[in-house]
Structure formats: C-alpha cells, structure tokens
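*Asks:* Pasting a structure below so you can have a look.
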Amino acid sequence: MSLNLSPSFSASTAVSPRDSSSNMCSTGWEVRETIGRPGSDLVHPDEFSVVRQLHYGTIRQDKAAVLAYLRLKHKDPLKGFILCAISRTVVHNVLVGSITPASSGIKAFQNASTAQEVDFVTPVAKDLEFRRWGDPSPMPPSPIPNIPLLLEGTGETEDPNAECRDGILSFKPLPKQSARVALILDRFSVHCPVQYCSNDLLVETTTVMGRSFYDFVSPKNEGRVREWIDMVKAWGVNERGQPADGGFGFGRFTLLAKGRDARGGQTASSSHSSRRKELFASLKGQLAKTPLLGGPSSKTHDSSTRDDEMPVDAIFSAHSDGILLILRSTAAPSRSLKS
C-alpha cells in the first residue's frame, strides 16, 4: 500500500493499488475502494488521535521499517474493527507499507524482532510485544529533517497533539524527505521482475519496470543479494505454508542505475522492452514522478568500475504477493553499518 505524504493523517490517501488481495480481504475492502480514501476513515475513533500523532511523527523523523498494531474498520459493519499489523516506511514523497491481520506466535515475534520500532496503539496488542534487550537499530538512521512543530494559526510552539480552534489540526508544509525508492518485486519468479517503482531518484522507472531486479545489482554482489531475497521469502510463509509477511531484512550492495543483463549478457528482446513500456503506462497516472538526481558521472573509471555504480542500503520484506524493497543511497551522511 502507498499513501501520499501529507502531514495530516486525515488528508493522507491511498495512491497506489499495489497491495495484497488477501490482506485487503482481512478487512473486507477491495483495493479499488481504498484509492483516494483518507486513512482516517478506517481508524477506530478511540485511536484516531494517537494514530494521527504517530503518522506525523513517522514522516517528521523520516522513519523506515516500523510497525504499528491498531484497529481498522471492516467493510462489514457487523464485524466492527479488526486488529492489524501495519508496517510503514517513508519513501521520499509517499509512505509505503503493508496491512496484515495481527496474530500471536512466531510471526509476531519475527516481525517485532526485525522492525526498527514497534508501536502498540491498541492496548490489547501489548500481548504481541517481543523485543530483544538493548538491540541497536540494524539500519543507520537518515538525517532527521529540520521540520518545525509549529501549528498554523496558533502563533506559538505546541505539541503535535494540540487541537486548533475549530478542532482541525493544521501542520505547516513538510520539506522533502531523504532520497529513497521503493520497489515491489515478483516473489514467485526466480528473476524477481520489478512490478512497481515509486520514483526516479535512484533508477529510472522506464528503465527498471518489468526487468529482473538482478539486472540492477552489481555482479560482485548478486550472489549475496539472491541469498537475502531467498531468505526473506522463506521468512514470509505462514504456519499453513502460504505466502505471508515475514519481518524485515537489512543489507548493503552496489546498485547499477543503468542496469545490465543478469541472464547472460544478451541484448534484451523487443518483446521484453514492450512489456516494460506496458507496465509503465499502466502505472503512469499513479506514480508521483520526481526528476533523477544529478547526471551521469564525468569521472574517469578503470575497466572494473561502471559510471552508474551506487552503494545503497536496502530493507527487504516479504509479503503475500511480492517483495517490498526500500533503497537508500549511502552517499548521505550516516553511521557505518557494522556487519
């Protein structure tokens, strides 16, 4: 699921239909029914104020791989509200994540143990809390944007919880977030073709759509990245052997912005190129386009180095119908990642 990055949770609406049909069935809503709908419509009234603050804090601190347990409205009024586990990551101008029914057991332990932060909005969800003592975050943090906490119309610094005079909370516009891209990969293919790309910050959407993800991984890292993806696929299986969510995996590799042919060095066929164009055309109206950062490097490289190589931090997570991959360039200042 992808939400536009509005600081007001009431104004945040779904902008991408890429979500698991099985996950949406847990709350009864069809994917098409969620597009353009404010997120606040589905939240339990008793939890709205907490979720609103949580939403704003997620954006303000540019968070990634965080998990929250809260109740969402079921389409069938007789079923009321369903306790769900919601993952979320800020990816430049959208908030991406997944929605799954909350359940106890090994999956809850795995999800909570690998998330960088877990919030329990619904009190009964505290029973699902599993954390290791003193674990540091596995991903170096992005620099937190300097976002003021001032509320429009108040004239003074207040907590984001505060209400405006008419009961409507208004936030000042947020600056741009750190440069990240979200990819959705086909988990049922050994080549993991790219099915969704959130922006053009690290790779061009027209270049990556429909192609194997490994075309954009440096050959020296391909074996390890394949192992990581196979690992999160294995994590993402429920007790009945069905594809499901399975926590977060973290890694670092070299991204090739222009891509290559990971299947043997042959030129891509015209039909393959046509398929990419069709996929891109179908999503063109839903993707928030942003220009590619910078231009081709003018530096001289030796024969073993390409001019489109870029070291990136990655967060992998498996879901019932795909692999969600978040990429961030390591060029931004951050603490070194210890392996």
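Order determines the names: the first chain of the structure tokens is A, the second B, and so forth; residues in each chain are numbered 1 upward, and ligands are numbered 1 upward as they are shown.
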List the neighbours of stretch 85-90 of chain A out to 7 Å using only C-alpha atoms; skip same-chain residues closer than 5 positions along the sequence, and give me the result as a list of chain:residue names.

*Replies:*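 Neighbouring residues, sequence-local ones excluded: A:Ile59, A:Asp62, A:Lys63, A:Ala64, A:Ala65, A:Val66, A:Leu67, A:Ala68, A:Tyr69, A:Leu70, A:Leu95, A:Val96, A:Gly97, A:Ser98, A:Ile99, A:Thr100, A:Pro101, A:Ala102.
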
*Asks:* Using C-alpha atoms, can you export the residues from the last selection as a tab-separated table (two decimals), in the first residue's frame?

*Replies:*
chain	number	residue	atom	x	y	z
A	59	ILE	CA	7.02	11.49	8.46
A	62	ASP	CA	11.81	10.00	8.16
A	63	LYS	CA	11.30	6.55	9.68
A	64	ALA	CA	11.76	3.20	7.97
A	65	ALA	CA	10.76	-0.41	8.71
A	66	VAL	CA	8.50	0.49	11.63
A	67	LEU	CA	5.48	-1.49	12.78
A	68	ALA	CA	2.24	-0.49	14.46
A	69	TYR	CA	-0.66	-2.52	15.88
A	70	LEU	CA	-4.02	-0.78	15.59
A	95	LEU	CA	4.51	6.29	2.78
A	96	VAL	CA	4.72	2.62	1.79
A	97	GLY	CA	3.89	-0.45	3.81
A	98	SER	CA	1.56	-3.38	4.27
A	99	ILE	CA	-1.51	-4.37	6.26
A	100	THR	CA	-1.90	-7.87	7.72
A	101	PRO	CA	-4.20	-9.33	10.39
A	102	ALA	CA	-2.42	-9.32	13.75

*Asks:* Which residue is closest to A:Glu117? Choose from A:Phe253, A:Phe248, A:Lys73, A:Arg328 and count only C-alpha atoms.

*Replies:*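 Under the stated criterion, the closest residue is A:Phe248.
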
*Asks:* Using only C-alpha atoms for the distances, tell me which of A:Arg263, A:Lys79, A:Arg252, A:Lys258 is nearest to A:Pro311.

*Replies:*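 Looking at the shortest contact to A:Pro311, the residue is A:Arg252.
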
*Asks:* Work out how far apart atom CA of A:Thr205 and atom CA of A:Val94 are and give it in Å to one decimal.

*Replies:*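 Those two atoms sit 15.6 Å apart.
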
*Asks:* Atom CA of A:Phe250 and atom CA of A:Ser317, how far apart in Å?

*Replies:* 9.0 Å

*Asks:* Report, in Å with one decimal, the straight-line distance from atom CA of A:Gln53 to atom CA of A:Cys197.

*Replies:* 28.0 Å

*Asks:* Using only C-alpha atoms for the distances, tell me which of A:Val91, A:Cys84, A:Ile326, A:Ala115 is nearest to A:Leu185.

*Replies:*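 So, comparing all the options, the nearest one is A:Ile326.
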
*Asks:* List every residue of stretch 177-242 of chain A that DSSP, applied to the backbone, labels as alpha helix (DSSP H), and write the result as a list in words.

*Replies:*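 Checking each residue of stretch 177-242 of chain A, the alpha helix (DSSP H) ones are Thr205, Thr206, Thr207, Val208, Pro219, Lys220, Asn221, Glu222, Gly223, Arg224, Val225, Arg226, Glu227, Trp228, Ile229, Asp230, Met231, Val232, Lys233, Ala234 and Trp235 of chain A.
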
*Asks:* Just N, CA, C and O atoms for this one: save the residues we selected as a PDB file, in the first residue's frame.

*Replies:*
ATOM      1  N   THR A 205      12.232   4.861 -13.715  1.00  0.00           N
ATOM      2  CA  THR A 205      11.095   3.946 -13.760  1.00  0.00           C
ATOM      3  C   THR A 205      10.976   3.270 -15.117  1.00  0.00           C
ATOM      4  O   THR A 205      10.721   2.062 -15.211  1.00  0.00           O
ATOM      5  N   THR A 206      11.174   4.014 -16.197  1.00  0.00           N
ATOM      6  CA  THR A 206      11.054   3.446 -17.540  1.00  0.00           C
ATOM      7  C   THR A 206      12.132   2.412 -17.822  1.00  0.00           C
ATOM      8  O   THR A 206      11.962   1.543 -18.673  1.00  0.00           O
ATOM      9  N   THR A 207      13.240   2.493 -17.105  1.00  0.00           N
ATOM     10  CA  THR A 207      14.338   1.542 -17.296  1.00  0.00           C
ATOM     11  C   THR A 207      14.135   0.271 -16.485  1.00  0.00           C
ATOM     12  O   THR A 207      14.429  -0.842 -16.944  1.00  0.00           O
ATOM     13  N   VAL A 208      13.588   0.397 -15.284  1.00  0.00           N
ATOM     14  CA  VAL A 208      13.543  -0.727 -14.355  1.00  0.00           C
ATOM     15  C   VAL A 208      12.274  -1.571 -14.457  1.00  0.00           C
ATOM     16  O   VAL A 208      12.292  -2.762 -14.183  1.00  0.00           O
ATOM     17  N   PRO A 219      27.426  -7.426 -10.358  1.00  0.00           N
ATOM     18  CA  PRO A 219      27.731  -8.855 -10.388  1.00  0.00           C
ATOM     19  C   PRO A 219      28.460  -9.352  -9.147  1.00  0.00           C
ATOM     20  O   PRO A 219      28.233 -10.475  -8.698  1.00  0.00           O
ATOM     21  N   LYS A 220      29.300  -8.516  -8.562  1.00  0.00           N
ATOM     22  CA  LYS A 220      30.044  -8.937  -7.381  1.00  0.00           C
ATOM     23  C   LYS A 220      29.148  -9.117  -6.159  1.00  0.00           C
ATOM     24  O   LYS A 220      29.524  -9.783  -5.191  1.00  0.00           O
ATOM     25  N   ASN A 221      27.939  -8.521  -6.200  1.00  0.00           N
ATOM     26  CA  ASN A 221      27.005  -8.627  -5.067  1.00  0.00           C
ATOM     27  C   ASN A 221      25.813  -9.520  -5.366  1.00  0.00           C
ATOM     28  O   ASN A 221      25.010  -9.793  -4.462  1.00  0.00           O
ATOM     29  N   GLU A 222      25.660  -9.979  -6.586  1.00  0.00           N
ATOM     30  CA  GLU A 222      24.436 -10.674  -6.976  1.00  0.00           C
ATOM     31  C   GLU A 222      24.175 -11.928  -6.147  1.00  0.00           C
ATOM     32  O   GLU A 222      23.044 -12.164  -5.698  1.00  0.00           O
ATOM     33  N   GLY A 223      25.204 -12.728  -5.914  1.00  0.00           N
ATOM     34  CA  GLY A 223      25.018 -13.954  -5.145  1.00  0.00           C
ATOM     35  C   GLY A 223      24.498 -13.682  -3.752  1.00  0.00           C
ATOM     36  O   GLY A 223      23.561 -14.350  -3.276  1.00  0.00           O
ATOM     37  N   ARG A 224      25.063 -12.686  -3.101  1.00  0.00           N
ATOM     38  CA  ARG A 224      24.632 -12.360  -1.732  1.00  0.00           C
ATOM     39  C   ARG A 224      23.211 -11.807  -1.717  1.00  0.00           C
ATOM     40  O   ARG A 224      22.398 -12.164  -0.848  1.00  0.00           O
ATOM     41  N   VAL A 225      22.878 -10.919  -2.677  1.00  0.00           N
ATOM     42  CA  VAL A 225      21.535 -10.333  -2.724  1.00  0.00           C
ATOM     43  C   VAL A 225      20.492 -11.417  -2.984  1.00  0.00           C
ATOM     44  O   VAL A 225      19.397 -11.396  -2.407  1.00  0.00           O
ATOM     45  N   ARG A 226      20.828 -12.396  -3.853  1.00  0.00           N
ATOM     46  CA  ARG A 226      19.910 -13.514  -4.083  1.00  0.00           C
ATOM     47  C   ARG A 226      19.665 -14.287  -2.785  1.00  0.00           C
ATOM     48  O   ARG A 226      18.529 -14.705  -2.498  1.00  0.00           O
ATOM     49  N   GLU A 227      20.716 -14.479  -2.002  1.00  0.00           N
ATOM     50  CA  GLU A 227      20.566 -15.170  -0.727  1.00  0.00           C
ATOM     51  C   GLU A 227      19.646 -14.396   0.210  1.00  0.00           C
ATOM     52  O   GLU A 227      18.812 -14.985   0.902  1.00  0.00           O
ATOM     53  N   TRP A 228      19.807 -13.078   0.242  1.00  0.00           N
ATOM     54  CA  TRP A 228      18.957 -12.250   1.098  1.00  0.00           C
ATOM     55  C   TRP A 228      17.494 -12.370   0.694  1.00  0.00           C
ATOM     56  O   TRP A 228      16.613 -12.524   1.548  1.00  0.00           O
ATOM     57  N   ILE A 229      17.225 -12.273  -0.611  1.00  0.00           N
ATOM     58  CA  ILE A 229      15.845 -12.340  -1.084  1.00  0.00           C
ATOM     59  C   ILE A 229      15.255 -13.728  -0.833  1.00  0.00           C
ATOM     60  O   ILE A 229      14.096 -13.856  -0.411  1.00  0.00           O
ATOM     61  N   ASP A 230      16.033 -14.773  -1.062  1.00  0.00           N
ATOM     62  CA  ASP A 230      15.551 -16.131  -0.771  1.00  0.00           C
ATOM     63  C   ASP A 230      15.256 -16.284   0.712  1.00  0.00           C
ATOM     64  O   ASP A 230      14.303 -16.975   1.111  1.00  0.00           O
ATOM     65  N   MET A 231      16.053 -15.608   1.543  1.00  0.00           N
ATOM     66  CA  MET A 231      15.862 -15.701   2.994  1.00  0.00           C
ATOM     67  C   MET A 231      14.549 -15.049   3.416  1.00  0.00           C
ATOM     68  O   MET A 231      13.774 -15.633   4.183  1.00  0.00           O
ATOM     69  N   VAL A 232      14.278 -13.822   2.917  1.00  0.00           N
ATOM     70  CA  VAL A 232      13.032 -13.163   3.327  1.00  0.00           C
ATOM     71  C   VAL A 232      11.816 -13.874   2.736  1.00  0.00           C
ATOM     72  O   VAL A 232      10.740 -13.863   3.333  1.00  0.00           O
ATOM     73  N   LYS A 233      11.985 -14.507   1.571  1.00  0.00           N
ATOM     74  CA  LYS A 233      10.886 -15.319   1.032  1.00  0.00           C
ATOM     75  C   LYS A 233      10.569 -16.476   1.985  1.00  0.00           C
ATOM     76  O   LYS A 233       9.402 -16.791   2.237  1.00  0.00           O
ATOM     77  N   ALA A 234      11.619 -17.109   2.509  1.00  0.00           N
ATOM     78  CA  ALA A 234      11.418 -18.220   3.447  1.00  0.00           C
ATOM     79  C   ALA A 234      10.796 -17.735   4.745  1.00  0.00           C
ATOM     80  O   ALA A 234       9.965 -18.429   5.346  1.00  0.00           O
ATOM     81  N   TRP A 235      11.174 -16.539   5.191  1.00  0.00           N
ATOM     82  CA  TRP A 235      10.555 -15.971   6.385  1.00  0.00           C
ATOM     83  C   TRP A 235       9.066 -15.726   6.145  1.00  0.00           C
ATOM     84  O   TRP A 235       8.250 -15.887   7.052  1.00  0.00           O
TER      85      TRP A 235
END

*Asks:* Within 8 Å of A:Ala244, counting only C-alpha atoms, which residues qualify if same-chain residues fewer than 3 places away don't, as a list in words?

*Replies:* Gly236, Val237, Asn238, Ala318, His319, Ser320 and Asp321 of chain A

*Asks:* Could you save the residues just selected, with N, CA, C and O atoms, as a PDB file, in the first residue's frame?

*Replies:*
ATOM      1  N   GLY A 236       8.743 -15.264   4.926  1.00  0.00           N
ATOM      2  CA  GLY A 236       7.374 -14.874   4.607  1.00  0.00           C
ATOM      3  C   GLY A 236       6.477 -16.033   4.261  1.00  0.00           C
ATOM      4  O   GLY A 236       5.853 -16.050   3.191  1.00  0.00           O
ATOM      5  N   VAL A 237       6.387 -17.024   5.127  1.00  0.00           N
ATOM      6  CA  VAL A 237       5.499 -18.169   4.943  1.00  0.00           C
ATOM      7  C   VAL A 237       4.793 -18.420   6.276  1.00  0.00           C
ATOM      8  O   VAL A 237       5.445 -18.476   7.325  1.00  0.00           O
ATOM      9  N   ASN A 238       3.477 -18.538   6.237  1.00  0.00           N
ATOM     10  CA  ASN A 238       2.755 -18.735   7.493  1.00  0.00           C
ATOM     11  C   ASN A 238       2.734 -20.212   7.905  1.00  0.00           C
ATOM     12  O   ASN A 238       3.320 -21.063   7.238  1.00  0.00           O
ATOM     13  N   ALA A 318       9.156  -9.494   2.874  1.00  0.00           N
ATOM     14  CA  ALA A 318       8.293 -10.344   2.055  1.00  0.00           C
ATOM     15  C   ALA A 318       6.838 -10.140   2.449  1.00  0.00           C
ATOM     16  O   ALA A 318       6.514  -9.954   3.625  1.00  0.00           O
ATOM     17  N   HIS A 319       5.963 -10.177   1.448  1.00  0.00           N
ATOM     18  CA  HIS A 319       4.531 -10.071   1.671  1.00  0.00           C
ATOM     19  C   HIS A 319       3.844 -11.126   0.815  1.00  0.00           C
ATOM     20  O   HIS A 319       4.483 -11.783  -0.004  1.00  0.00           O
ATOM     21  N   SER A 320       2.565 -11.287   0.982  1.00  0.00           N
ATOM     22  CA  SER A 320       1.888 -12.421   0.370  1.00  0.00           C
ATOM     23  C   SER A 320       1.969 -12.432  -1.147  1.00  0.00           C
ATOM     24  O   SER A 320       1.919 -13.493  -1.762  1.00  0.00           O
ATOM     25  N   ASP A 321       2.082 -11.258  -1.779  1.00  0.00           N
ATOM     26  CA  ASP A 321       2.126 -11.254  -3.239  1.00  0.00           C
ATOM     27  C   ASP A 321       3.339 -10.532  -3.803  1.00  0.00           C
ATOM     28  O   ASP A 321       3.385 -10.215  -4.988  1.00  0.00           O
TER      29      ASP A 321
END

*Asks:* Extract, using only C-alpha atoms, all DNA, RNA and protein residues at most 12 Å from A:Thr27, discarding same-chain residues fewer than 2 positions from it, and format them as a PyMOL selection string.

*Replies:* chain A and resi 20-25+29-31+33-34+42-43+71-84+99-102
